[in-house]
$ cat entry17.cif   # mmCIF, C-alpha atoms, pLDDT in the B column; chains and numbers go by the auth columns
data_protein
loop_
_atom_site.group_PDB
_atom_site.id
_atom_site.type_symbol
_atom_site.label_atom_id
_atom_site.label_comp_id
_atom_site.label_asym_id
_atom_site.label_seq_id
_atom_site.Cartn_x
_atom_site.Cartn_y
_atom_site.Cartn_z
_atom_site.B_iso_or_equiv
_atom_site.auth_seq_id
_atom_site.auth_asym_id
ATOM 1 C CA MET A 1 8.220 26.958 4.735 71.00 1 A
ATOM 2 C CA PHE A 2 10.411 24.467 2.877 74.00 2 A
ATOM 3 C CA VAL A 3 9.999 21.842 5.610 79.00 3 A
ATOM 4 C CA PHE A 4 6.213 22.344 5.570 76.00 4 A
ATOM 5 C CA CYS A 5 6.005 21.875 1.787 77.00 5 A
ATOM 6 C CA PHE A 6 8.333 18.876 1.890 82.00 6 A
ATOM 7 C CA ALA A 7 6.330 17.188 4.665 79.00 7 A
ATOM 8 C CA ALA A 8 2.996 17.809 2.920 76.00 8 A
ATOM 9 C CA MET A 9 4.265 16.520 -0.430 81.00 9 A
ATOM 10 C CA THR A 10 5.898 13.390 1.002 82.00 10 A
ATOM 11 C CA ASP A 11 2.717 12.614 2.963 77.00 11 A
ATOM 12 C CA TRP A 12 0.674 12.838 -0.231 77.00 12 A
ATOM 13 C CA LEU A 13 3.252 10.845 -2.233 82.00 13 A
ATOM 14 C CA ASP A 14 3.401 8.094 0.395 79.00 14 A
ATOM 15 C CA GLY A 15 -0.366 7.597 0.278 79.00 15 A
ATOM 16 C CA TRP A 16 -0.511 7.771 -3.496 84.00 16 A
ATOM 17 C CA LEU A 17 2.280 5.205 -3.909 84.00 17 A
ATOM 18 C CA ALA A 18 0.768 2.861 -1.327 84.00 18 A
ATOM 19 C CA ARG A 19 -2.595 2.910 -3.116 84.00 19 A
ATOM 20 C CA ARG A 20 -1.073 2.625 -6.577 89.00 20 A
ATOM 21 C CA MET A 21 1.120 -0.331 -5.611 89.00 21 A
ATOM 22 C CA GLY A 22 -1.564 -2.050 -3.541 87.00 22 A
ATOM 23 C CA GLN A 23 0.506 -1.703 -0.376 83.00 23 A
ATOM 24 C CA THR A 24 -2.078 -0.140 1.927 79.00 24 A
ATOM 25 C CA THR A 25 -2.285 -1.643 5.408 79.00 25 A
ATOM 26 C CA ASP A 26 -4.483 -1.080 8.432 74.00 26 A
ATOM 27 C CA PHE A 27 -1.429 0.159 10.324 78.00 27 A
ATOM 28 C CA GLY A 28 -0.610 2.580 7.500 77.00 28 A
ATOM 29 C CA LYS A 29 -4.154 3.950 7.424 73.00 29 A
ATOM 30 C CA PHE A 30 -4.096 4.580 11.153 74.00 30 A
ATOM 31 C CA MET A 31 -0.591 6.053 11.248 78.00 31 A
ATOM 32 C CA ASP A 32 -1.193 8.272 8.217 78.00 32 A
ATOM 33 C CA ALA A 33 -4.227 9.823 9.868 77.00 33 A
ATOM 34 C CA LEU A 34 -2.373 10.176 13.175 81.00 34 A
ATOM 35 C CA SER A 35 0.690 11.781 11.574 82.00 35 A
ATOM 36 C CA ASP A 36 -1.561 14.227 9.680 83.00 36 A
ATOM 37 C CA LYS A 37 -3.138 15.240 12.979 86.00 37 A
ATOM 38 C CA ILE A 38 0.195 15.662 14.769 88.00 38 A
ATOM 39 C CA PHE A 39 1.572 17.720 11.881 87.00 39 A
ATOM 40 C CA THR A 40 -1.404 20.053 11.446 89.00 40 A
ATOM 41 C CA LEU A 41 -2.268 20.435 15.124 91.00 41 A
ATOM 42 C CA GLY A 42 1.356 21.111 16.014 91.00 42 A
ATOM 43 C CA LEU A 43 1.501 23.851 13.404 90.00 43 A
ATOM 44 C CA PHE A 44 -1.830 25.376 14.429 91.00 44 A
ATOM 45 C CA VAL A 45 -0.833 25.512 18.094 90.00 45 A
ATOM 46 C CA SER A 46 2.628 26.865 17.227 88.00 46 A
ATOM 47 C CA LEU A 47 1.216 29.587 14.990 87.00 47 A
ATOM 48 C CA LEU A 48 -1.413 30.451 17.560 86.00 48 A
ATOM 49 C CA THR A 49 1.295 30.879 20.178 85.00 49 A
ATOM 50 C CA LEU A 50 3.981 32.537 18.072 82.00 50 A
ATOM 51 C CA LEU A 51 1.729 34.933 16.174 78.00 51 A
ATOM 52 C CA GLU A 52 -0.471 35.768 19.139 72.00 52 A
ATOM 53 C CA LEU A 53 -3.597 35.172 17.077 78.00 53 A
ATOM 54 C CA ASN A 54 -6.083 35.572 19.914 82.00 54 A
ATOM 55 C CA TRP A 55 -9.042 35.607 17.524 87.00 55 A
ATOM 56 C CA ALA A 56 -8.002 32.165 16.237 89.00 56 A
ATOM 57 C CA LEU A 57 -8.133 30.443 19.627 91.00 57 A
ATOM 58 C CA PHE A 58 -11.745 29.239 19.305 94.00 58 A
ATOM 59 C CA PRO A 59 -11.366 27.841 15.754 95.00 59 A
ATOM 60 C CA VAL A 60 -8.151 26.049 16.730 94.00 60 A
ATOM 61 C CA LEU A 61 -9.831 24.606 19.846 94.00 61 A
ATOM 62 C CA LEU A 62 -12.702 23.313 17.685 96.00 62 A
ATOM 63 C CA ILE A 63 -10.190 21.703 15.337 96.00 63 A
ATOM 64 C CA LEU A 64 -8.341 20.150 18.295 95.00 64 A
ATOM 65 C CA ALA A 65 -11.589 18.820 19.781 95.00 65 A
ATOM 66 C CA ARG A 66 -12.671 17.211 16.511 95.00 66 A
ATOM 67 C CA GLU A 67 -9.282 15.609 15.952 93.00 67 A
ATOM 68 C CA PHE A 68 -9.146 14.150 19.468 92.00 68 A
ATOM 69 C CA LEU A 69 -12.724 12.882 19.153 91.00 69 A
ATOM 70 C CA VAL A 70 -12.073 11.164 15.826 90.00 70 A
ATOM 71 C CA THR A 71 -8.781 9.710 17.081 89.00 71 A
ATOM 72 C CA GLY A 72 -10.601 8.363 20.146 88.00 72 A
ATOM 73 C CA LEU A 73 -13.237 6.864 17.876 88.00 73 A
ATOM 74 C CA ARG A 74 -10.541 5.217 15.759 86.00 74 A
ATOM 75 C CA LEU A 75 -8.864 3.787 18.856 86.00 75 A
ATOM 76 C CA ALA A 76 -12.202 2.434 20.126 85.00 76 A
ATOM 77 C CA ALA A 77 -12.830 0.878 16.719 86.00 77 A
ATOM 78 C CA ALA A 78 -9.331 -0.633 16.643 84.00 78 A
ATOM 79 C CA ALA A 79 -9.960 -2.215 20.055 85.00 79 A
ATOM 80 C CA LYS A 80 -12.924 -3.981 18.428 86.00 80 A
ATOM 81 C CA GLY A 81 -10.869 -5.059 15.416 86.00 81 A
ATOM 82 C CA VAL A 82 -12.363 -2.445 13.104 85.00 82 A
ATOM 83 C CA VAL A 83 -10.182 -0.086 11.070 81.00 83 A
ATOM 84 C CA LEU A 84 -11.723 3.227 10.101 81.00 84 A
ATOM 85 C CA ALA A 85 -10.145 4.701 6.996 76.00 85 A
ATOM 86 C CA ALA A 86 -10.274 8.413 6.318 78.00 86 A
ATOM 87 C CA GLU A 87 -13.554 9.717 4.929 84.00 87 A
ATOM 88 C CA ARG A 88 -13.627 11.960 1.843 89.00 88 A
ATOM 89 C CA ALA A 89 -14.768 14.952 3.913 90.00 89 A
ATOM 90 C CA GLY A 90 -11.848 14.358 6.273 88.00 90 A
ATOM 91 C CA LYS A 91 -9.379 14.329 3.398 86.00 91 A
ATOM 92 C CA ILE A 92 -10.789 17.586 2.028 92.00 92 A
ATOM 93 C CA LYS A 93 -10.644 19.026 5.546 92.00 93 A
ATOM 94 C CA THR A 94 -6.961 18.133 5.795 89.00 94 A
ATOM 95 C CA VAL A 95 -6.198 19.786 2.440 90.00 95 A
ATOM 96 C CA LEU A 96 -8.024 22.948 3.531 94.00 96 A
ATOM 97 C CA GLN A 97 -6.180 22.974 6.864 94.00 97 A
ATOM 98 C CA LEU A 98 -2.845 22.599 5.055 91.00 98 A
ATOM 99 C CA PHE A 99 -3.796 25.412 2.654 93.00 99 A
ATOM 100 C CA CYS A 100 -4.636 27.628 5.620 94.00 100 A
ATOM 101 C CA LEU A 101 -1.317 26.800 7.279 93.00 101 A
ATOM 102 C CA ALA A 102 0.546 27.464 4.014 92.00 102 A
ATOM 103 C CA LEU A 103 -1.017 30.941 3.831 93.00 103 A
ATOM 104 C CA PHE A 104 -0.030 31.724 7.424 91.00 104 A
ATOM 105 C CA LEU A 105 3.517 30.446 6.860 91.00 105 A
ATOM 106 C CA THR A 106 3.907 32.322 3.562 91.00 106 A
ATOM 107 C CA ASP A 107 2.711 35.501 5.254 90.00 107 A
ATOM 108 C CA GLN A 108 5.289 35.076 8.003 88.00 108 A
ATOM 109 C CA ALA A 109 8.058 34.301 5.507 88.00 109 A
ATOM 110 C CA LEU A 110 7.255 37.478 3.578 89.00 110 A
ATOM 111 C CA LEU A 111 7.083 39.542 6.754 88.00 111 A
ATOM 112 C CA HIS A 112 10.324 38.297 8.274 85.00 112 A
ATOM 113 C CA ASP A 113 12.523 36.713 5.590 85.00 113 A
ATOM 114 C CA TRP A 114 11.713 38.747 2.479 84.00 114 A
ATOM 115 C CA PRO A 115 13.050 42.064 3.869 83.00 115 A
ATOM 116 C CA LEU A 116 16.376 40.382 4.618 83.00 116 A
ATOM 117 C CA LEU A 117 16.719 39.089 1.062 83.00 117 A
ATOM 118 C CA PHE A 118 15.109 41.957 -0.847 86.00 118 A
ATOM 119 C CA PRO A 119 15.047 45.024 1.412 86.00 119 A
ATOM 120 C CA HIS A 120 14.047 47.442 -1.362 90.00 120 A
ATOM 121 C CA ILE A 121 10.945 45.539 -2.500 87.00 121 A
ATOM 122 C CA ASP A 122 7.851 46.250 -0.428 88.00 122 A
ATOM 123 C CA VAL A 123 5.424 43.334 -0.157 87.00 123 A
ATOM 124 C CA SER A 124 3.245 44.693 2.636 85.00 124 A
ATOM 125 C CA PHE A 125 0.209 44.758 0.317 87.00 125 A
ATOM 126 C CA LEU A 126 0.679 41.040 -0.279 91.00 126 A
ATOM 127 C CA THR A 127 1.037 40.197 3.399 89.00 127 A
ATOM 128 C CA GLU A 128 -2.235 42.007 4.133 90.00 128 A
ATOM 129 C CA TRP A 129 -4.018 39.829 1.570 94.00 129 A
ATOM 130 C CA LEU A 130 -2.324 36.703 2.880 92.00 130 A
ATOM 131 C CA GLU A 131 -3.389 37.484 6.445 91.00 131 A
ATOM 132 C CA TRP A 132 -6.965 38.032 5.285 94.00 132 A
ATOM 133 C CA GLY A 133 -6.921 34.875 3.143 95.00 133 A
ATOM 134 C CA ALA A 134 -5.433 32.822 5.955 93.00 134 A
ATOM 135 C CA GLY A 135 -8.181 34.031 8.294 93.00 135 A
ATOM 136 C CA VAL A 136 -10.912 33.131 5.804 96.00 136 A
ATOM 137 C CA ALA A 137 -9.249 29.767 5.166 96.00 137 A
ATOM 138 C CA LEU A 138 -9.086 29.103 8.918 96.00 138 A
ATOM 139 C CA VAL A 139 -12.799 29.797 9.320 96.00 139 A
ATOM 140 C CA ALA A 140 -13.610 27.588 6.308 96.00 140 A
ATOM 141 C CA ALA A 141 -11.290 24.840 7.581 96.00 141 A
ATOM 142 C CA THR A 142 -12.926 25.010 11.006 97.00 142 A
ATOM 143 C CA VAL A 143 -16.433 24.717 9.556 97.00 143 A
ATOM 144 C CA LEU A 144 -15.414 21.776 7.365 96.00 144 A
ATOM 145 C CA THR A 145 -13.562 20.188 10.289 95.00 145 A
ATOM 146 C CA VAL A 146 -16.695 20.303 12.450 96.00 146 A
ATOM 147 C CA ILE A 147 -18.896 19.021 9.603 95.00 147 A
ATOM 148 C CA SER A 148 -16.516 16.157 8.801 94.00 148 A
ATOM 149 C CA GLY A 149 -16.426 15.250 12.502 93.00 149 A
ATOM 150 C CA MET A 150 -20.218 15.159 12.589 94.00 150 A
ATOM 151 C CA ILE A 151 -20.267 12.947 9.483 92.00 151 A
ATOM 152 C CA TYR A 152 -17.696 10.629 11.050 90.00 152 A
ATOM 153 C CA MET A 153 -19.632 10.405 14.312 90.00 153 A
ATOM 154 C CA SER A 154 -22.940 9.784 12.545 90.00 154 A
ATOM 155 C CA ARG A 155 -21.412 6.927 10.555 89.00 155 A
ATOM 156 C CA HIS A 156 -19.228 5.366 13.242 87.00 156 A
ATOM 157 C CA GLY A 157 -20.363 6.751 16.595 81.00 157 A
ATOM 158 C CA ASP A 158 -21.970 3.447 17.552 84.00 158 A
ATOM 159 C CA LEU A 159 -18.465 1.978 17.883 78.00 159 A
ATOM 160 C CA PHE A 160 -17.753 4.545 20.580 72.00 160 A
ATOM 161 C CA PHE A 161 -21.140 5.062 22.202 74.00 161 A
ATOM 162 C CA GLY A 162 -22.713 1.664 21.496 68.00 162 A
ATOM 163 C CA GLU A 163 -24.543 -0.428 24.077 58.00 163 A
ATOM 164 C CA ASN A 164 -21.597 -2.769 24.696 57.00 164 A
ATOM 165 C CA ASN A 165 -19.147 -0.035 25.756 53.00 165 A
#
$ encode --input "entry17.cif" --output "structure tokens"
Amino acid sequence: MFVFCFAAMTDWLDGWLARRMGQTTDFGKFMDALSDKIFTLGLFVSLLTLLELNWALFPVLLILAREFLVTGLRLAAAAKGVVLAAERAGKIKTVLQLFCLALFLTDQALLHDWPLLFPHIDVSFLTEWLEWGAGVALVAATVLTVISGMIYMSRHGDLFFGENN
């Protein structure tokens, strides 16, 4: 959980500092988006596997599909000398995905680590709410992920599917 929070905060801080100091670059925009995808997708796939969340397979596959599609679009744009920065909907989508992952990770920390530290304090009621909240957040993140992908494709799809490709 600590590593997750540290990675999320340093990612945010890096972007904030780059914008504030006027140090944004095309390479940085591309790599920031790519590192966000690797981080979130790696966690989603890991949680899906480790927690045996069979019900979450379809939402995670939709998220994977959108991320690969947008990354492909960005690569096609880069081949044409065009850099596609993150859209607002995509940034909100990333925050919602990270929130969802934080709920899943907190739930697992309470289920597995809490009893070792505080064996006499029952937090099962909290883990039930966290599981429910994480599920709702995953559905919301999936919907926003699909919508943001559709927005991205409607604005930039011609770079990928244009006549000259």
$ atom_distance --input "entry17.cif" --atom1 "CA of Ala7 in chain A" --atom2 "CA of Phe39 in chain A"
8.7 Å
$ residues_around --input "entry17.cif" --residues "Ala65 in chain A" --least-positions-apart "2" --cutoff "12 Å" --atoms "only C-alpha atoms" --output "list of chain:residue names"
A:Lys37, A:Leu41, A:Phe58, A:Pro59, A:Val60, A:Leu61, A:Leu62, A:Ile63, A:Glu67, A:Phe68, A:Leu69, A:Val70, A:Thr71, A:Gly72, A:Thr142, A:Thr145, A:Val146, A:Gly149, A:Met150
$ closest_residue --input "entry17.cif" --among "A:Phe125, A:Phe27, A:Trp12, A:Trp132" --to "Arg74 in chain A" --atoms "all atoms listed in the file"
A:Phe27
$ resolve_selection --input "entry17.cif" --expression "the PyMOL selection byres ((chain A and resi 84-93) around 9)" --output "VMD selection string"
chain A and resid 26 29 to 30 33 73 to 74 77 to 78 82 to 83 94 to 98 141 to 142 144 to 145 147 to 149 151 to 152 156
$ atom_distance --input "entry17.cif" --atom1 "CA of Thr106 in chain A" --atom2 "CA of Met1 in chain A"
7.0 Å
$ closest_residue --input "entry17.cif" --among "A:Ala102, A:Leu111, A:Gly135, A:Trp16" --to "Asn54 in chain A" --atoms "only C-alpha atoms"
A:Gly135
$ axis_aligned_box --input "entry17.cif" --around "range 124-127 of chain A" --padding-each-side "8 Å" --output "lines of an AutoDock Vina configuration file"
center_x = 1.7
center_y = 42.5
center_z = 1.6
size_x = 19.0
size_y = 20.6
size_z = 19.7
$ atom_distance --input "entry17.cif" --atom1 "CA of Phe44 in chain A" --atom2 "CA of Leu101 in chain A"
7.3 Å
$ residues_near_point --input "entry17.cif" --point "(4.2, 30.0, 1.9)" --cutoff "12 Å" --atoms "all atoms listed in the file" --output "ChimeraX atom specification"
/A:1-6,98-111,113-114,126-127,130-131,134
$ decode --input "entry17.cif" --residues "range 48-96 of chain A" --atoms "N, CA and C atoms" --output "PDB file, in the first residue's frame"
ATOM      1  N   LEU A  48      -6.623  -8.857 -10.167  1.00  0.00           N
ATOM      2  CA  LEU A  48      -7.551  -9.802 -10.789  1.00  0.00           C
ATOM      3  C   LEU A  48      -7.066 -11.231 -10.575  1.00  0.00           C
ATOM      4  N   THR A  49      -5.788 -11.437 -10.725  1.00  0.00           N
ATOM      5  CA  THR A  49      -5.202 -12.770 -10.569  1.00  0.00           C
ATOM      6  C   THR A  49      -5.127 -13.195  -9.105  1.00  0.00           C
ATOM      7  N   LEU A  50      -4.598 -12.325  -8.269  1.00  0.00           N
ATOM      8  CA  LEU A  50      -4.379 -12.675  -6.865  1.00  0.00           C
ATOM      9  C   LEU A  50      -5.672 -12.810  -6.069  1.00  0.00           C
ATOM     10  N   LEU A  51      -6.641 -11.964  -6.365  1.00  0.00           N
ATOM     11  CA  LEU A  51      -7.882 -11.969  -5.586  1.00  0.00           C
ATOM     12  C   LEU A  51      -8.951 -12.856  -6.191  1.00  0.00           C
ATOM     13  N   GLU A  52      -8.654 -13.413  -7.351  1.00  0.00           N
ATOM     14  CA  GLU A  52      -9.622 -14.257  -8.048  1.00  0.00           C
ATOM     15  C   GLU A  52     -10.973 -13.546  -8.191  1.00  0.00           C
ATOM     16  N   LEU A  53     -10.912 -12.343  -8.711  1.00  0.00           N
ATOM     17  CA  LEU A  53     -12.113 -11.535  -8.925  1.00  0.00           C
ATOM     18  C   LEU A  53     -12.690 -11.847 -10.302  1.00  0.00           C
ATOM     19  N   ASN A  54     -13.325 -12.986 -10.429  1.00  0.00           N
ATOM     20  CA  ASN A  54     -13.849 -13.409 -11.729  1.00  0.00           C
ATOM     21  C   ASN A  54     -14.830 -12.402 -12.311  1.00  0.00           C
ATOM     22  N   TRP A  55     -15.643 -11.788 -11.467  1.00  0.00           N
ATOM     23  CA  TRP A  55     -16.628 -10.821 -11.948  1.00  0.00           C
ATOM     24  C   TRP A  55     -15.955  -9.600 -12.567  1.00  0.00           C
ATOM     25  N   ALA A  56     -14.706  -9.323 -12.187  1.00  0.00           N
ATOM     26  CA  ALA A  56     -14.017  -8.124 -12.653  1.00  0.00           C
ATOM     27  C   ALA A  56     -13.268  -8.334 -13.965  1.00  0.00           C
ATOM     28  N   LEU A  57     -13.301  -9.543 -14.505  1.00  0.00           N
ATOM     29  CA  LEU A  57     -12.553  -9.817 -15.729  1.00  0.00           C
ATOM     30  C   LEU A  57     -13.000  -8.917 -16.881  1.00  0.00           C
ATOM     31  N   PHE A  58     -14.299  -8.817 -17.128  1.00  0.00           N
ATOM     32  CA  PHE A  58     -14.785  -8.017 -18.254  1.00  0.00           C
ATOM     33  C   PHE A  58     -14.437  -6.532 -18.099  1.00  0.00           C
ATOM     34  N   PRO A  59     -14.681  -5.913 -16.926  1.00  0.00           N
ATOM     35  CA  PRO A  59     -14.268  -4.510 -16.790  1.00  0.00           C
ATOM     36  C   PRO A  59     -12.767  -4.303 -17.010  1.00  0.00           C
ATOM     37  N   VAL A  60     -11.950  -5.200 -16.472  1.00  0.00           N
ATOM     38  CA  VAL A  60     -10.502  -5.056 -16.639  1.00  0.00           C
ATOM     39  C   VAL A  60     -10.111  -5.234 -18.109  1.00  0.00           C
ATOM     40  N   LEU A  61     -10.758  -6.145 -18.816  1.00  0.00           N
ATOM     41  CA  LEU A  61     -10.480  -6.314 -20.250  1.00  0.00           C
ATOM     42  C   LEU A  61     -10.871  -5.067 -21.040  1.00  0.00           C
ATOM     43  N   LEU A  62     -11.989  -4.440 -20.679  1.00  0.00           N
ATOM     44  CA  LEU A  62     -12.379  -3.185 -21.339  1.00  0.00           C
ATOM     45  C   LEU A  62     -11.337  -2.095 -21.088  1.00  0.00           C
ATOM     46  N   ILE A  63     -10.865  -2.016 -19.854  1.00  0.00           N
ATOM     47  CA  ILE A  63      -9.837  -1.028 -19.523  1.00  0.00           C
ATOM     48  C   ILE A  63      -8.564  -1.309 -20.320  1.00  0.00           C
ATOM     49  N   LEU A  64      -8.149  -2.568 -20.365  1.00  0.00           N
ATOM     50  CA  LEU A  64      -6.965  -2.949 -21.149  1.00  0.00           C
ATOM     51  C   LEU A  64      -7.129  -2.571 -22.621  1.00  0.00           C
ATOM     52  N   ALA A  65      -8.286  -2.880 -23.188  1.00  0.00           N
ATOM     53  CA  ALA A  65      -8.532  -2.599 -24.606  1.00  0.00           C
ATOM     54  C   ALA A  65      -8.428  -1.105 -24.890  1.00  0.00           C
ATOM     55  N   ARG A  66      -9.043  -0.298 -24.041  1.00  0.00           N
ATOM     56  CA  ARG A  66      -9.008   1.155 -24.241  1.00  0.00           C
ATOM     57  C   ARG A  66      -7.572   1.660 -24.154  1.00  0.00           C
ATOM     58  N   GLU A  67      -6.834   1.185 -23.172  1.00  0.00           N
ATOM     59  CA  GLU A  67      -5.472   1.678 -22.983  1.00  0.00           C
ATOM     60  C   GLU A  67      -4.570   1.294 -24.154  1.00  0.00           C
ATOM     61  N   PHE A  68      -4.719   0.078 -24.663  1.00  0.00           N
ATOM     62  CA  PHE A  68      -3.926  -0.326 -25.829  1.00  0.00           C
ATOM     63  C   PHE A  68      -4.333   0.470 -27.068  1.00  0.00           C
ATOM     64  N   LEU A  69      -5.618   0.725 -27.235  1.00  0.00           N
ATOM     65  CA  LEU A  69      -6.094   1.496 -28.378  1.00  0.00           C
ATOM     66  C   LEU A  69      -5.544   2.916 -28.348  1.00  0.00           C
ATOM     67  N   VAL A  70      -5.625   3.564 -27.192  1.00  0.00           N
ATOM     68  CA  VAL A  70      -5.135   4.938 -27.083  1.00  0.00           C
ATOM     69  C   VAL A  70      -3.614   4.984 -27.237  1.00  0.00           C
ATOM     70  N   THR A  71      -2.912   4.008 -26.683  1.00  0.00           N
ATOM     71  CA  THR A  71      -1.458   3.964 -26.854  1.00  0.00           C
ATOM     72  C   THR A  71      -1.100   3.768 -28.326  1.00  0.00           C
ATOM     73  N   GLY A  72      -1.824   2.906 -29.018  1.00  0.00           N
ATOM     74  CA  GLY A  72      -1.612   2.727 -30.455  1.00  0.00           C
ATOM     75  C   GLY A  72      -1.861   4.008 -31.220  1.00  0.00           C
ATOM     76  N   LEU A  73      -2.907   4.724 -30.838  1.00  0.00           N
ATOM     77  CA  LEU A  73      -3.222   6.000 -31.472  1.00  0.00           C
ATOM     78  C   LEU A  73      -2.096   7.001 -31.229  1.00  0.00           C
ATOM     79  N   ARG A  74      -1.579   7.041 -30.021  1.00  0.00           N
ATOM     80  CA  ARG A  74      -0.474   7.951 -29.711  1.00  0.00           C
ATOM     81  C   ARG A  74       0.781   7.603 -30.505  1.00  0.00           C
ATOM     82  N   LEU A  75       1.048   6.309 -30.654  1.00  0.00           N
ATOM     83  CA  LEU A  75       2.213   5.893 -31.441  1.00  0.00           C
ATOM     84  C   LEU A  75       2.037   6.257 -32.913  1.00  0.00           C
ATOM     85  N   ALA A  76       0.826   6.069 -33.444  1.00  0.00           N
ATOM     86  CA  ALA A  76       0.552   6.447 -34.835  1.00  0.00           C
ATOM     87  C   ALA A  76       0.710   7.951 -35.013  1.00  0.00           C
ATOM     88  N   ALA A  77       0.244   8.716 -34.042  1.00  0.00           N
ATOM     89  CA  ALA A  77       0.383  10.170 -34.107  1.00  0.00           C
ATOM     90  C   ALA A  77       1.854  10.567 -34.041  1.00  0.00           C
ATOM     91  N   ALA A  78       2.612   9.919 -33.153  1.00  0.00           N
ATOM     92  CA  ALA A  78       4.036  10.234 -33.017  1.00  0.00           C
ATOM     93  C   ALA A  78       4.787   9.951 -34.309  1.00  0.00           C
ATOM     94  N   ALA A  79       4.394   8.891 -35.021  1.00  0.00           N
ATOM     95  CA  ALA A  79       5.026   8.566 -36.300  1.00  0.00           C
ATOM     96  C   ALA A  79       4.785   9.667 -37.323  1.00  0.00           C
ATOM     97  N   LYS A  80       3.726  10.444 -37.132  1.00  0.00           N
ATOM     98  CA  LYS A  80       3.417  11.559 -38.033  1.00  0.00           C
ATOM     99  C   LYS A  80       3.892  12.893 -37.466  1.00  0.00           C
ATOM    100  N   GLY A  81       4.649  12.832 -36.362  1.00  0.00           N
ATOM    101  CA  GLY A  81       5.175  14.054 -35.766  1.00  0.00           C
ATOM    102  C   GLY A  81       4.181  14.806 -34.906  1.00  0.00           C
ATOM    103  N   VAL A  82       3.110  14.154 -34.519  1.00  0.00           N
ATOM    104  CA  VAL A  82       2.078  14.785 -33.695  1.00  0.00           C
ATOM    105  C   VAL A  82       2.130  14.172 -32.297  1.00  0.00           C
ATOM    106  N   VAL A  83       2.123  15.030 -31.284  1.00  0.00           N
ATOM    107  CA  VAL A  83       2.105  14.552 -29.900  1.00  0.00           C
ATOM    108  C   VAL A  83       0.718  14.791 -29.334  1.00  0.00           C
ATOM    109  N   LEU A  84       0.121  13.738 -28.822  1.00  0.00           N
ATOM    110  CA  LEU A  84      -1.209  13.836 -28.228  1.00  0.00           C
ATOM    111  C   LEU A  84      -1.072  13.853 -26.710  1.00  0.00           C
ATOM    112  N   ALA A  85      -1.366  14.990 -26.124  1.00  0.00           N
ATOM    113  CA  ALA A  85      -1.329  15.093 -24.663  1.00  0.00           C
ATOM    114  C   ALA A  85      -2.582  14.444 -24.097  1.00  0.00           C
ATOM    115  N   ALA A  86      -2.547  14.197 -22.806  1.00  0.00           N
ATOM    116  CA  ALA A  86      -3.701  13.583 -22.142  1.00  0.00           C
ATOM    117  C   ALA A  86      -4.889  14.538 -22.172  1.00  0.00           C
ATOM    118  N   GLU A  87      -6.061  13.980 -22.404  1.00  0.00           N
ATOM    119  CA  GLU A  87      -7.304  14.745 -22.375  1.00  0.00           C
ATOM    120  C   GLU A  87      -7.790  14.826 -20.930  1.00  0.00           C
ATOM    121  N   ARG A  88      -8.637  15.794 -20.639  1.00  0.00           N
ATOM    122  CA  ARG A  88      -9.182  15.953 -19.282  1.00  0.00           C
ATOM    123  C   ARG A  88      -9.924  14.696 -18.840  1.00  0.00           C
ATOM    124  N   ALA A  89     -10.738  14.129 -19.716  1.00  0.00           N
ATOM    125  CA  ALA A  89     -11.481  12.912 -19.358  1.00  0.00           C
ATOM    126  C   ALA A  89     -10.522  11.770 -19.035  1.00  0.00           C
ATOM    127  N   GLY A  90      -9.409  11.701 -19.740  1.00  0.00           N
ATOM    128  CA  GLY A  90      -8.414  10.670 -19.473  1.00  0.00           C
ATOM    129  C   GLY A  90      -7.741  10.858 -18.125  1.00  0.00           C
ATOM    130  N   LYS A  91      -7.514  12.104 -17.747  1.00  0.00           N
ATOM    131  CA  LYS A  91      -6.912  12.370 -16.437  1.00  0.00           C
ATOM    132  C   LYS A  91      -7.880  11.992 -15.313  1.00  0.00           C
ATOM    133  N   ILE A  92      -9.145  12.333 -15.489  1.00  0.00           N
ATOM    134  CA  ILE A  92     -10.157  11.974 -14.490  1.00  0.00           C
ATOM    135  C   ILE A  92     -10.283  10.458 -14.412  1.00  0.00           C
ATOM    136  N   LYS A  93     -10.234   9.809 -15.555  1.00  0.00           N
ATOM    137  CA  LYS A  93     -10.288   8.343 -15.621  1.00  0.00           C
ATOM    138  C   LYS A  93      -9.144   7.725 -14.827  1.00  0.00           C
ATOM    139  N   THR A  94      -7.953   8.278 -14.979  1.00  0.00           N
ATOM    140  CA  THR A  94      -6.793   7.758 -14.254  1.00  0.00           C
ATOM    141  C   THR A  94      -6.972   7.928 -12.748  1.00  0.00           C
ATOM    142  N   VAL A  95      -7.464   9.081 -12.318  1.00  0.00           N
ATOM    143  CA  VAL A  95      -7.707   9.309 -10.887  1.00  0.00           C
ATOM    144  C   VAL A  95      -8.725   8.306 -10.357  1.00  0.00           C
ATOM    145  N   LEU A  96      -9.794   8.068 -11.104  1.00  0.00           N
ATOM    146  CA  LEU A  96     -10.815   7.114 -10.670  1.00  0.00           C
ATOM    147  C   LEU A  96     -10.254   5.690 -10.628  1.00  0.00           C
TER     148      LEU A  96
END
